[in-house]
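protein.cif (mmCIF, C-alpha atoms) appears below.
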```cif
data_upload
loop_
_atom_site.label_atom_id
_atom_site.label_comp_id
_atom_site.auth_asym_id
_atom_site.auth_seq_id
_atom_site.Cartn_x
_atom_site.Cartn_y
_atom_site.Cartn_z
CA MET Q 1 19.16 1.87 5.73
CA LYS Q 2 19.70 -1.68 4.47
CA PRO Q 3 23.43 -2.54 4.38
CA PRO Q 4 24.93 -3.40 0.98
CA ASP Q 5 25.72 -6.96 -0.02
CA ILE Q 6 29.42 -6.24 -0.44
CA SER Q 7 31.86 -3.48 0.44
CA LEU Q 8 34.96 -2.96 -1.67
CA VAL Q 9 37.72 -1.63 0.58
CA ILE Q 10 40.55 0.10 -1.28
CA PRO Q 11 43.58 1.94 0.14
CA CYS Q 12 44.89 4.74 -2.06
CA HIS Q 13 48.17 6.63 -2.19
CA ASN Q 14 49.04 8.80 -5.20
CA GLU Q 15 46.77 7.04 -7.71
CA GLN Q 16 45.13 10.08 -9.32
CA ASP Q 17 45.10 8.69 -12.88
CA ASN Q 18 43.77 5.28 -11.88
CA LEU Q 19 40.74 6.28 -9.79
CA GLN Q 20 38.19 7.06 -12.51
CA PRO Q 21 39.09 3.94 -14.59
CA LEU Q 22 39.00 1.86 -11.40
CA LEU Q 23 35.52 2.99 -10.44
CA SER Q 24 34.24 2.47 -13.98
CA ALA Q 25 35.72 -1.06 -14.07
CA ILE Q 26 34.11 -1.90 -10.72
CA HIS Q 27 30.70 -0.83 -11.99
CA ALA Q 28 31.19 -2.83 -15.20
CA ALA Q 29 31.99 -5.94 -13.15
CA LEU Q 30 29.34 -5.66 -10.43
CA ASP Q 31 26.34 -3.85 -11.95
CA PRO Q 32 25.31 -6.91 -14.04
CA LEU Q 33 25.23 -9.07 -10.89
CA GLY Q 34 22.38 -7.10 -9.37
CA LEU Q 35 24.18 -6.84 -6.02
CA ASP Q 36 23.98 -3.77 -3.84
CA PHE Q 37 27.57 -2.68 -3.28
CA GLU Q 38 29.61 0.20 -1.95
CA VAL Q 39 33.19 1.28 -2.62
CA VAL Q 40 35.14 2.56 0.38
CA ILE Q 41 38.40 4.29 -0.55
CA THR Q 42 40.79 5.59 2.10
CA ASP Q 43 43.27 8.15 0.82
CA ASP Q 44 46.55 7.66 2.69
CA CYS Q 45 47.40 11.39 2.61
CA SER Q 46 48.27 11.42 -1.09
CA THR Q 47 50.52 14.20 -2.36
CA ASP Q 48 48.99 14.28 -5.85
CA ASN Q 49 45.39 15.11 -6.84
CA SER Q 50 43.90 11.82 -5.62
CA TRP Q 51 41.79 13.41 -2.88
CA SER Q 52 40.35 16.10 -5.15
CA ILE Q 53 39.41 13.45 -7.70
CA LEU Q 54 37.87 11.21 -5.03
CA LYS Q 55 35.70 14.07 -3.79
CA GLN Q 56 34.50 14.75 -7.33
CA LEU Q 57 33.78 11.08 -7.98
CA SER Q 58 31.91 10.61 -4.70
CA ALA Q 59 29.70 13.62 -5.49
CA ASP Q 60 28.53 11.83 -8.65
CA ASP Q 61 28.33 8.28 -7.33
CA ARG Q 62 26.32 7.46 -4.20
CA ARG Q 63 28.05 4.06 -3.96
CA LEU Q 64 31.45 5.67 -3.40
CA ARG Q 65 32.42 6.58 0.16
CA VAL Q 66 35.77 8.27 0.70
CA GLN Q 67 37.88 9.28 3.67
CA ARG Q 68 41.33 10.82 3.99
CA PHE Q 69 44.05 10.39 6.59
CA LYS Q 70 45.49 13.49 8.25
CA PHE Q 71 49.00 12.07 7.70
CA ASN Q 72 50.50 9.11 5.84
CA CYS Q 73 49.92 5.89 7.79
CA GLY Q 74 50.60 3.04 5.34
CA GLU Q 75 48.58 0.37 3.55
CA SER Q 76 47.62 -1.64 6.63
CA ALA Q 77 46.12 1.39 8.35
CA ALA Q 78 44.28 2.49 5.20
CA SER Q 79 42.90 -1.01 4.67
CA TRP Q 80 41.81 -1.39 8.30
CA ALA Q 81 40.21 2.07 8.40
CA GLY Q 82 38.15 1.12 5.36
CA MET Q 83 37.11 -2.21 6.88
CA GLN Q 84 35.96 -0.43 10.04
CA VAL Q 85 33.44 1.73 8.19
CA ALA Q 86 32.43 -0.90 5.60
CA ARG Q 87 28.78 -1.93 5.93
CA GLY Q 88 28.55 -4.97 3.63
CA ARG Q 89 27.99 -8.53 4.79
CA TRP Q 90 30.93 -9.37 2.54
CA ILE Q 91 34.11 -7.34 2.28
CA ALA Q 92 36.50 -7.38 -0.66
CA THR Q 93 39.93 -5.75 -0.55
CA MET Q 94 41.91 -4.70 -3.60
CA ASP Q 95 44.57 -2.21 -4.69
CA ALA Q 96 43.81 1.09 -6.41
CA ASP Q 97 46.46 0.70 -9.12
CA LEU Q 98 44.29 -1.46 -11.45
CA GLN Q 99 46.79 -4.32 -11.35
CA ASN Q 100 44.00 -6.15 -9.55
CA ASP Q 101 41.33 -6.52 -12.25
CA PRO Q 102 37.73 -5.84 -11.11
CA LYS Q 103 36.64 -8.43 -13.69
CA ASP Q 104 37.71 -11.06 -11.13
CA LEU Q 105 35.24 -9.84 -8.49
CA PRO Q 106 32.35 -12.12 -9.59
CA ALA Q 107 34.61 -15.18 -9.26
CA LEU Q 108 35.76 -14.11 -5.79
CA ILE Q 109 32.17 -13.58 -4.69
CA GLU Q 110 31.03 -16.91 -6.13
CA ALA Q 111 33.82 -18.71 -4.28
CA LEU Q 112 32.45 -17.41 -0.97
CA ASN Q 113 29.87 -20.20 -1.32
CA ARG Q 114 32.74 -22.61 -0.58
CA ALA Q 115 34.74 -20.75 2.06
CA ASP Q 116 34.69 -17.91 4.57
CA CYS Q 117 37.62 -16.11 2.94
CA VAL Q 118 38.77 -16.26 -0.68
CA CYS Q 119 42.25 -15.04 -1.59
CA GLY Q 120 43.43 -14.23 -5.07
CA THR Q 121 46.64 -15.84 -6.29
CA ARG Q 122 48.65 -14.37 -9.18
CA ILE Q 123 51.09 -17.27 -9.55
CA ALA Q 124 49.88 -18.15 -13.06
CA THR Q 125 49.48 -14.58 -14.32
CA ARG Q 126 52.31 -12.48 -12.86
CA LYS Q 127 54.37 -12.54 -16.06
CA THR Q 128 51.68 -10.48 -17.78
CA GLY Q 129 51.78 -7.63 -15.28
CA ASP Q 130 55.09 -7.57 -13.37
CA ASN Q 131 58.78 -7.39 -14.18
CA TRP Q 132 61.13 -10.21 -13.24
CA ILE Q 133 62.46 -8.46 -10.12
CA ARG Q 134 58.99 -8.23 -8.59
CA ILE Q 135 58.20 -11.81 -9.61
CA VAL Q 136 61.38 -13.23 -8.06
CA SER Q 137 61.12 -11.13 -4.89
CA SER Q 138 57.49 -12.21 -4.47
CA ARG Q 139 58.36 -15.90 -4.86
CA ILE Q 140 61.17 -15.64 -2.32
CA ALA Q 141 58.96 -13.74 0.12
CA ASN Q 142 56.14 -16.27 -0.19
CA TRP Q 143 58.54 -19.18 0.34
CA VAL Q 144 60.02 -17.60 3.46
CA ARG Q 145 56.60 -16.69 4.88
CA ASN Q 146 55.23 -20.19 4.39
CA LYS Q 147 58.38 -21.83 5.73
CA LEU Q 148 58.40 -19.82 8.95
CA SER Q 149 54.65 -19.59 9.52
CA GLY Q 150 53.66 -23.14 8.53
CA GLU Q 151 51.28 -21.74 5.92
CA THR Q 152 50.39 -22.97 2.43
CA ILE Q 153 49.19 -19.66 0.93
CA SER Q 154 50.80 -19.46 -2.50
CA ASP Q 155 50.57 -15.68 -2.89
CA ALA Q 156 50.35 -14.00 0.51
CA GLY Q 157 51.42 -10.70 -1.04
CA CYS Q 158 48.21 -10.51 -3.09
CA THR Q 159 45.72 -8.37 -1.16
CA TYR Q 160 42.88 -9.11 -3.60
CA ARG Q 161 40.52 -10.96 -1.25
CA ALA Q 162 36.88 -11.39 -0.33
CA PHE Q 163 35.54 -12.59 3.00
CA ASN Q 164 32.54 -12.64 5.33
CA ARG Q 165 32.71 -9.60 7.60
CA GLU Q 166 32.66 -11.93 10.66
CA CYS Q 167 36.14 -13.08 9.67
CA ILE Q 168 37.71 -9.87 11.01
CA THR Q 169 35.54 -9.35 14.11
CA ASN Q 170 38.26 -10.50 16.50
CA VAL Q 171 41.35 -10.05 14.32
CA LYS Q 172 44.09 -7.96 15.94
CA PHE Q 173 45.33 -5.77 13.11
CA PHE Q 174 48.76 -4.12 13.16
CA ASN Q 175 51.11 -2.28 10.83
CA GLY Q 176 51.96 -4.86 8.15
CA ALA Q 177 49.00 -7.12 8.95
CA HIS Q 178 47.56 -6.80 5.43
CA ARG Q 179 50.26 -9.24 4.27
CA PHE Q 180 49.15 -11.85 6.80
CA LEU Q 181 45.38 -11.44 6.83
CA PRO Q 182 44.66 -14.98 5.51
CA THR Q 183 46.68 -16.44 8.41
CA LEU Q 184 45.01 -14.17 10.95
CA ILE Q 185 41.59 -15.21 9.63
CA LYS Q 186 42.56 -18.89 9.75
CA MET Q 187 43.61 -18.44 13.38
CA GLU Q 188 40.02 -17.36 14.13
CA GLY Q 189 38.79 -20.73 12.86
CA PHE Q 190 37.55 -19.70 9.42
CA ARG Q 191 38.13 -21.55 6.16
CA VAL Q 192 40.44 -19.86 3.64
CA ILE Q 193 40.90 -20.87 -0.01
CA GLU Q 194 42.70 -19.40 -3.04
CA ILE Q 195 41.54 -18.88 -6.61
CA PRO Q 196 43.51 -17.56 -9.62
CA VAL Q 197 43.19 -13.86 -10.45
CA SER Q 198 44.56 -11.67 -13.22
CA THR Q 199 47.57 -9.39 -13.01
CA ASN Q 200 47.46 -6.24 -15.11
CA ALA Q 201 50.48 -4.13 -15.92
CA ARG Q 202 50.56 -0.82 -14.06
CA LEU Q 203 49.66 1.87 -16.58
CA SER Q 204 50.00 4.90 -14.33
CA GLY Q 205 51.68 5.86 -11.09
CA THR Q 206 54.62 4.25 -9.30
CA SER Q 207 54.74 0.98 -7.41
CA HIS Q 208 55.31 1.28 -3.66
CA TYR Q 209 56.77 -2.21 -3.31
CA GLY Q 210 60.05 -3.95 -3.95
CA VAL Q 211 62.37 -6.50 -2.40
CA TRP Q 212 62.66 -4.47 0.82
CA ASN Q 213 58.90 -4.33 1.36
CA ARG Q 214 58.18 -7.89 0.33
CA LEU Q 215 60.78 -9.71 2.39
CA PHE Q 216 63.08 -7.83 4.71
CA LYS Q 217 60.69 -5.21 6.08
CA SER Q 218 58.03 -7.83 6.91
CA PHE Q 219 60.41 -10.33 8.51
CA ARG Q 220 59.81 -9.06 12.06
CA ASP Q 221 56.04 -9.25 11.48
CA LEU Q 222 56.47 -12.79 10.22
CA LEU Q 223 58.20 -13.80 13.45
CA ALA Q 224 55.33 -12.25 15.41
CA ILE Q 225 52.79 -14.28 13.41
CA ARG Q 226 54.83 -17.43 14.03
CA TRP Q 227 54.78 -16.70 17.78
CA MET Q 228 51.04 -15.96 17.77
CA LYS Q 229 50.29 -19.26 16.04
CA SER Q 230 52.43 -21.19 18.52
CA ARG Q 231 50.65 -19.55 21.49
CA ALA Q 232 47.08 -19.60 20.15
CA LEU Q 233 44.45 -20.91 22.57
CA ARG Q 234 42.95 -24.23 21.52
CA TYR Q 235 40.15 -25.90 23.48
CA GLU Q 236 36.85 -27.76 23.11
CA ILE Q 237 33.97 -27.68 25.59
CA ALA Q 238 33.16 -31.23 26.67
CA GLU Q 239 30.02 -30.38 28.69
CA SER Q 240 28.15 -27.27 29.74
CA LEU Q 241 25.28 -26.75 32.19
CA ASN Q 242 22.85 -23.81 32.50
CA SER Q 243 24.44 -22.19 29.44
CA VAL Q 244 22.57 -19.34 27.82
#
```

Final structure tokens representation of the file:
Amino acid sequence: MKPPDISLVIPCHNEQDNLQPLLSAIHAALDPLGLDFEVVITDDCSTDNSWSILKQLSADDRRLRVQRFKFNCGESAASWAGMQVARGRWIATMDADLQNDPKDLPALIEALNRADCVCGTRIATRKTGDNWIRIVSSRIANWVRNKLSGETISDAGCTYRAFNRECITNVKFFNGAHRFLPTLIKMEGFRVIEIPVSTNARLSGTSHYGVWNRLFKSFRDLLAIRWMKSRALRYEIAESLNSV
């Protein structure tokens, strides 16, 4: 079977009311492009009706592939599990809560003509979809991450991204790595850029993130990334004989 052009990888935890609108919005955004795509949703052991709804949706839509964890593992694990089974030559990651707008997918895909990985940034649009506590905590977290890691990513907390599947071939994923994926991809020698994306207000469900998640809980991971960058192997082959 020919692999799809792009795989949308989406972690899900207690998003029962957002799943049908999400799938409809994805089709509205991608069907006109004429691309072959698949949607891979990993249910992180939801306690609501998310899994029942996903099974119903997948029965009616051949593009939707779903899997469910035996126990709750977190966003990084759900994202990575989806990436591992994704078949597309491009992979796009997004949240299931509809705050990431599928209407931005064509722009992310188009930007892959200029880079290996394209990250969404919500800096210009956060006021339309988030309260001031989330906005301030996100700005502080991004400033700390960039200061300690030597990065310039303006919105590292935005997991709305698209990249060539080769970008993650050698990436070492870990719990919390979804926050640092642009840096991990850069460390593999790939080019990463940012483009503006929309921020919708959450209409259903409850946010899983706050100040604790955005800054304090990820601080240890940030120090690990800083260490990895400082110890990364850097070399260039000057001459090679009898190479294959």

Written as a PyMOL selection string, what is the full residue list that the PyMOL selection byres ((chain Q and resi 87-90) around 7) yields on the file shown?
chain Q and resi 3-7+85-86+91-92+162-165

Expected file contents, prior selection, C-alpha atoms, as a tab-separated table (two decimals), in the coordinates of the input:
```tsv
chain	number	residue	atom	x	y	z
Q	3	PRO	CA	23.43	-2.54	4.38
Q	4	PRO	CA	24.93	-3.40	0.98
Q	5	ASP	CA	25.72	-6.96	-0.02
Q	6	ILE	CA	29.42	-6.24	-0.44
Q	7	SER	CA	31.86	-3.48	0.44
Q	85	VAL	CA	33.44	1.73	8.19
Q	86	ALA	CA	32.43	-0.90	5.60
Q	91	ILE	CA	34.11	-7.34	2.28
Q	92	ALA	CA	36.50	-7.38	-0.66
Q	162	ALA	CA	36.88	-11.39	-0.33
Q	163	PHE	CA	35.54	-12.59	3.00
Q	164	ASN	CA	32.54	-12.64	5.33
Q	165	ARG	CA	32.71	-9.60	7.60
```

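Residue nearest Leu184 of chain Q, chosen from Q:Leu203, Q:Cys158, Q:Ala232, Q:Ala28 and counting all atoms listed in the file: Q:Ala232.
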
From Q:Asp44, Q:Asp116, Q:Asp101, Q:Asp221, residue lying nearest Phe180 of chain Q [only C-alpha atoms]:
Q:Asp221

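Considering the residues Q:Val197, Q:Val171, Q:Ile41, Q:Val66 and counting all atoms listed in the file, Ile123 of chain Q has its shortest atom-to-atom contact with Q:Val197.
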
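Taking atom CA of Pro21 of chain Q and atom CA of Cys73 of chain Q as the two end points, the separation is 24.9 Å.
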
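For the pair atom CA of Ser58 of chain Q and atom CA of Asp36 of chain Q, the interatomic distance is 16.4 Å.
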
With the PyMOL selection byres ((chain Q and resi 54) around 12) as the selection, what would be picked from this file? Answer as a ChimeraX atom specification, please.
/Q:12-20,22-23,39-43,46,48-53,55-61,64-68,96

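The space separating atom CA of Trp80 of chain Q from atom CA of Ile26 of chain Q comes to 20.5 Å.
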
Given all atoms listed in the file as the counted atoms, nearest of Q:Ile195, Q:Ile109, Q:Ala81, Q:Met94 to Phe174 of chain Q
Q:Ala81

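Restricting the calculation to only C-alpha atoms, the smallest distance between Cys119 of chain Q and any of Q:Gly189, Q:Gly176, Q:Gly157, Q:Gly74 is found for Q:Gly157.
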
Suppose a student applies the PyMOL selection byres ((chain Q and resi 223-225) around 9) to this structure; what residues should they get, written as a PyMOL selection string?
chain Q and resi 148-149+180+183-184+218-222+226-230

Using all atoms listed in the file, determine which residues lie at most 8 Å from Cys117 of chain Q, disregarding the query and same-chain residues fewer than 2 positions distant; provide the list as a PyMOL selection string.
chain Q and resi 112+115+119+161-164+167+182+185+190-193

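The nearest approach to Asp31 of chain Q among the residues Q:Pro102, Q:Gly82, Q:Pro196, Q:Gly120, with all atoms listed in the file taken into account, belongs to Q:Pro102.
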
Mind filling out segment 93-104 of chain Q with all heavy atoms and sending it as a PDB file, in the coordinates of the input?
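New file out_1.pdb:
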```
ATOM      1  N   THR Q  93      38.815  -6.704  -0.570  1.00  0.00           N
ATOM      2  CA  THR Q  93      39.930  -5.750  -0.550  1.00  0.00           C
ATOM      3  C   THR Q  93      40.698  -5.857  -1.857  1.00  0.00           C
ATOM      4  O   THR Q  93      40.891  -6.940  -2.397  1.00  0.00           O
ATOM      5  CB  THR Q  93      40.875  -6.018   0.631  1.00  0.00           C
ATOM      6  OG1 THR Q  93      41.414  -7.342   0.522  1.00  0.00           O
ATOM      7  CG2 THR Q  93      40.142  -5.883   1.954  1.00  0.00           C
ATOM      8  N   MET Q  94      41.145  -4.717  -2.359  1.00  0.00           N
ATOM      9  CA  MET Q  94      41.910  -4.700  -3.600  1.00  0.00           C
ATOM     10  C   MET Q  94      42.743  -3.422  -3.632  1.00  0.00           C
ATOM     11  O   MET Q  94      42.511  -2.483  -2.868  1.00  0.00           O
ATOM     12  CB  MET Q  94      40.988  -4.784  -4.812  1.00  0.00           C
ATOM     13  CG  MET Q  94      40.040  -3.615  -4.963  1.00  0.00           C
ATOM     14  SD  MET Q  94      38.811  -3.835  -6.292  1.00  0.00           S
ATOM     15  CE  MET Q  94      39.850  -4.117  -7.710  1.00  0.00           C
ATOM     16  N   ASP Q  95      43.730  -3.390  -4.526  1.00  0.00           N
ATOM     17  CA  ASP Q  95      44.570  -2.210  -4.690  1.00  0.00           C
ATOM     18  C   ASP Q  95      43.904  -1.212  -5.630  1.00  0.00           C
ATOM     19  O   ASP Q  95      43.028  -1.568  -6.422  1.00  0.00           O
ATOM     20  CB  ASP Q  95      45.942  -2.605  -5.234  1.00  0.00           C
ATOM     21  CG  ASP Q  95      46.739  -3.455  -4.255  1.00  0.00           C
ATOM     22  OD1 ASP Q  95      46.499  -3.325  -3.040  1.00  0.00           O
ATOM     23  OD2 ASP Q  95      47.591  -4.242  -4.712  1.00  0.00           O
ATOM     24  N   ALA Q  96      44.372   0.033  -5.573  1.00  0.00           N
ATOM     25  CA  ALA Q  96      43.810   1.090  -6.410  1.00  0.00           C
ATOM     26  C   ALA Q  96      44.544   1.255  -7.730  1.00  0.00           C
ATOM     27  O   ALA Q  96      44.155   2.078  -8.559  1.00  0.00           O
ATOM     28  CB  ALA Q  96      43.821   2.420  -5.653  1.00  0.00           C
ATOM     29  N   ASP Q  97      45.602   0.473  -7.959  1.00  0.00           N
ATOM     30  CA  ASP Q  97      46.460   0.700  -9.120  1.00  0.00           C
ATOM     31  C   ASP Q  97      46.008  -0.016 -10.386  1.00  0.00           C
ATOM     32  O   ASP Q  97      46.679   0.034 -11.413  1.00  0.00           O
ATOM     33  CB  ASP Q  97      47.898   0.309  -8.804  1.00  0.00           C
ATOM     34  CG  ASP Q  97      48.026  -1.150  -8.355  1.00  0.00           C
ATOM     35  OD1 ASP Q  97      47.066  -1.922  -8.519  1.00  0.00           O
ATOM     36  OD2 ASP Q  97      49.099  -1.497  -7.813  1.00  0.00           O
ATOM     37  N   LEU Q  98      44.872  -0.734 -10.313  1.00  0.00           N
ATOM     38  CA  LEU Q  98      44.290  -1.460 -11.450  1.00  0.00           C
ATOM     39  C   LEU Q  98      45.098  -2.695 -11.852  1.00  0.00           C
ATOM     40  O   LEU Q  98      44.775  -3.325 -12.856  1.00  0.00           O
ATOM     41  CB  LEU Q  98      44.097  -0.551 -12.664  1.00  0.00           C
ATOM     42  CG  LEU Q  98      42.856   0.351 -12.614  1.00  0.00           C
ATOM     43  CD1 LEU Q  98      42.848   1.302 -13.805  1.00  0.00           C
ATOM     44  CD2 LEU Q  98      41.577  -0.470 -12.604  1.00  0.00           C
ATOM     45  N   GLN Q  99      46.137  -3.040 -11.087  1.00  0.00           N
ATOM     46  CA  GLN Q  99      46.790  -4.320 -11.350  1.00  0.00           C
ATOM     47  C   GLN Q  99      45.885  -5.468 -10.912  1.00  0.00           C
ATOM     48  O   GLN Q  99      45.901  -6.541 -11.511  1.00  0.00           O
ATOM     49  CB  GLN Q  99      48.151  -4.384 -10.661  1.00  0.00           C
ATOM     50  CG  GLN Q  99      49.196  -3.495 -11.316  1.00  0.00           C
ATOM     51  CD  GLN Q  99      50.629  -3.915 -10.979  1.00  0.00           C
ATOM     52  OE1 GLN Q  99      51.204  -3.442 -10.007  1.00  0.00           O
ATOM     53  NE2 GLN Q  99      51.185  -4.804 -11.787  1.00  0.00           N
ATOM     54  N   ASN Q 100      45.097  -5.247  -9.863  1.00  0.00           N
ATOM     55  CA  ASN Q 100      44.000  -6.150  -9.550  1.00  0.00           C
ATOM     56  C   ASN Q 100      42.852  -5.808 -10.487  1.00  0.00           C
ATOM     57  O   ASN Q 100      42.408  -4.656 -10.533  1.00  0.00           O
ATOM     58  CB  ASN Q 100      43.521  -5.972  -8.104  1.00  0.00           C
ATOM     59  CG  ASN Q 100      44.563  -6.339  -7.070  1.00  0.00           C
ATOM     60  OD1 ASN Q 100      44.609  -5.753  -5.994  1.00  0.00           O
ATOM     61  ND2 ASN Q 100      45.401  -7.316  -7.363  1.00  0.00           N
ATOM     62  N   ASP Q 101      42.359  -6.777 -11.247  1.00  0.00           N
ATOM     63  CA  ASP Q 101      41.330  -6.520 -12.250  1.00  0.00           C
ATOM     64  C   ASP Q 101      39.940  -6.716 -11.644  1.00  0.00           C
ATOM     65  O   ASP Q 101      39.617  -7.812 -11.181  1.00  0.00           O
ATOM     66  CB  ASP Q 101      41.513  -7.457 -13.438  1.00  0.00           C
ATOM     67  CG  ASP Q 101      40.767  -6.981 -14.670  1.00  0.00           C
ATOM     68  OD1 ASP Q 101      39.676  -6.404 -14.509  1.00  0.00           O
ATOM     69  OD2 ASP Q 101      41.276  -7.188 -15.791  1.00  0.00           O
ATOM     70  N   PRO Q 102      39.093  -5.681 -11.623  1.00  0.00           N
ATOM     71  CA  PRO Q 102      37.730  -5.840 -11.110  1.00  0.00           C
ATOM     72  C   PRO Q 102      36.933  -6.935 -11.799  1.00  0.00           C
ATOM     73  O   PRO Q 102      35.943  -7.424 -11.239  1.00  0.00           O
ATOM     74  CB  PRO Q 102      37.109  -4.458 -11.344  1.00  0.00           C
ATOM     75  CG  PRO Q 102      38.268  -3.512 -11.267  1.00  0.00           C
ATOM     76  CD  PRO Q 102      39.399  -4.268 -11.944  1.00  0.00           C
ATOM     77  N   LYS Q 103      37.349  -7.341 -13.003  1.00  0.00           N
ATOM     78  CA  LYS Q 103      36.640  -8.430 -13.690  1.00  0.00           C
ATOM     79  C   LYS Q 103      36.664  -9.727 -12.884  1.00  0.00           C
ATOM     80  O   LYS Q 103      35.837 -10.624 -13.112  1.00  0.00           O
ATOM     81  CB  LYS Q 103      37.264  -8.671 -15.067  1.00  0.00           C
ATOM     82  CG  LYS Q 103      37.016  -7.557 -16.081  1.00  0.00           C
ATOM     83  CD  LYS Q 103      37.666  -7.875 -17.413  1.00  0.00           C
ATOM     84  CE  LYS Q 103      37.445  -6.758 -18.415  1.00  0.00           C
ATOM     85  NZ  LYS Q 103      38.110  -7.038 -19.723  1.00  0.00           N
ATOM     86  N   ASP Q 104      37.617  -9.851 -11.952  1.00  0.00           N
ATOM     87  CA  ASP Q 104      37.710 -11.060 -11.130  1.00  0.00           C
ATOM     88  C   ASP Q 104      36.770 -11.054  -9.930  1.00  0.00           C
ATOM     89  O   ASP Q 104      36.648 -12.069  -9.231  1.00  0.00           O
ATOM     90  CB  ASP Q 104      39.153 -11.252 -10.628  1.00  0.00           C
ATOM     91  CG  ASP Q 104      40.123 -11.581 -11.746  1.00  0.00           C
ATOM     92  OD1 ASP Q 104      39.758 -12.378 -12.625  1.00  0.00           O
ATOM     93  OD2 ASP Q 104      41.249 -11.042 -11.745  1.00  0.00           O
TER      94      ASP Q 104
END
```
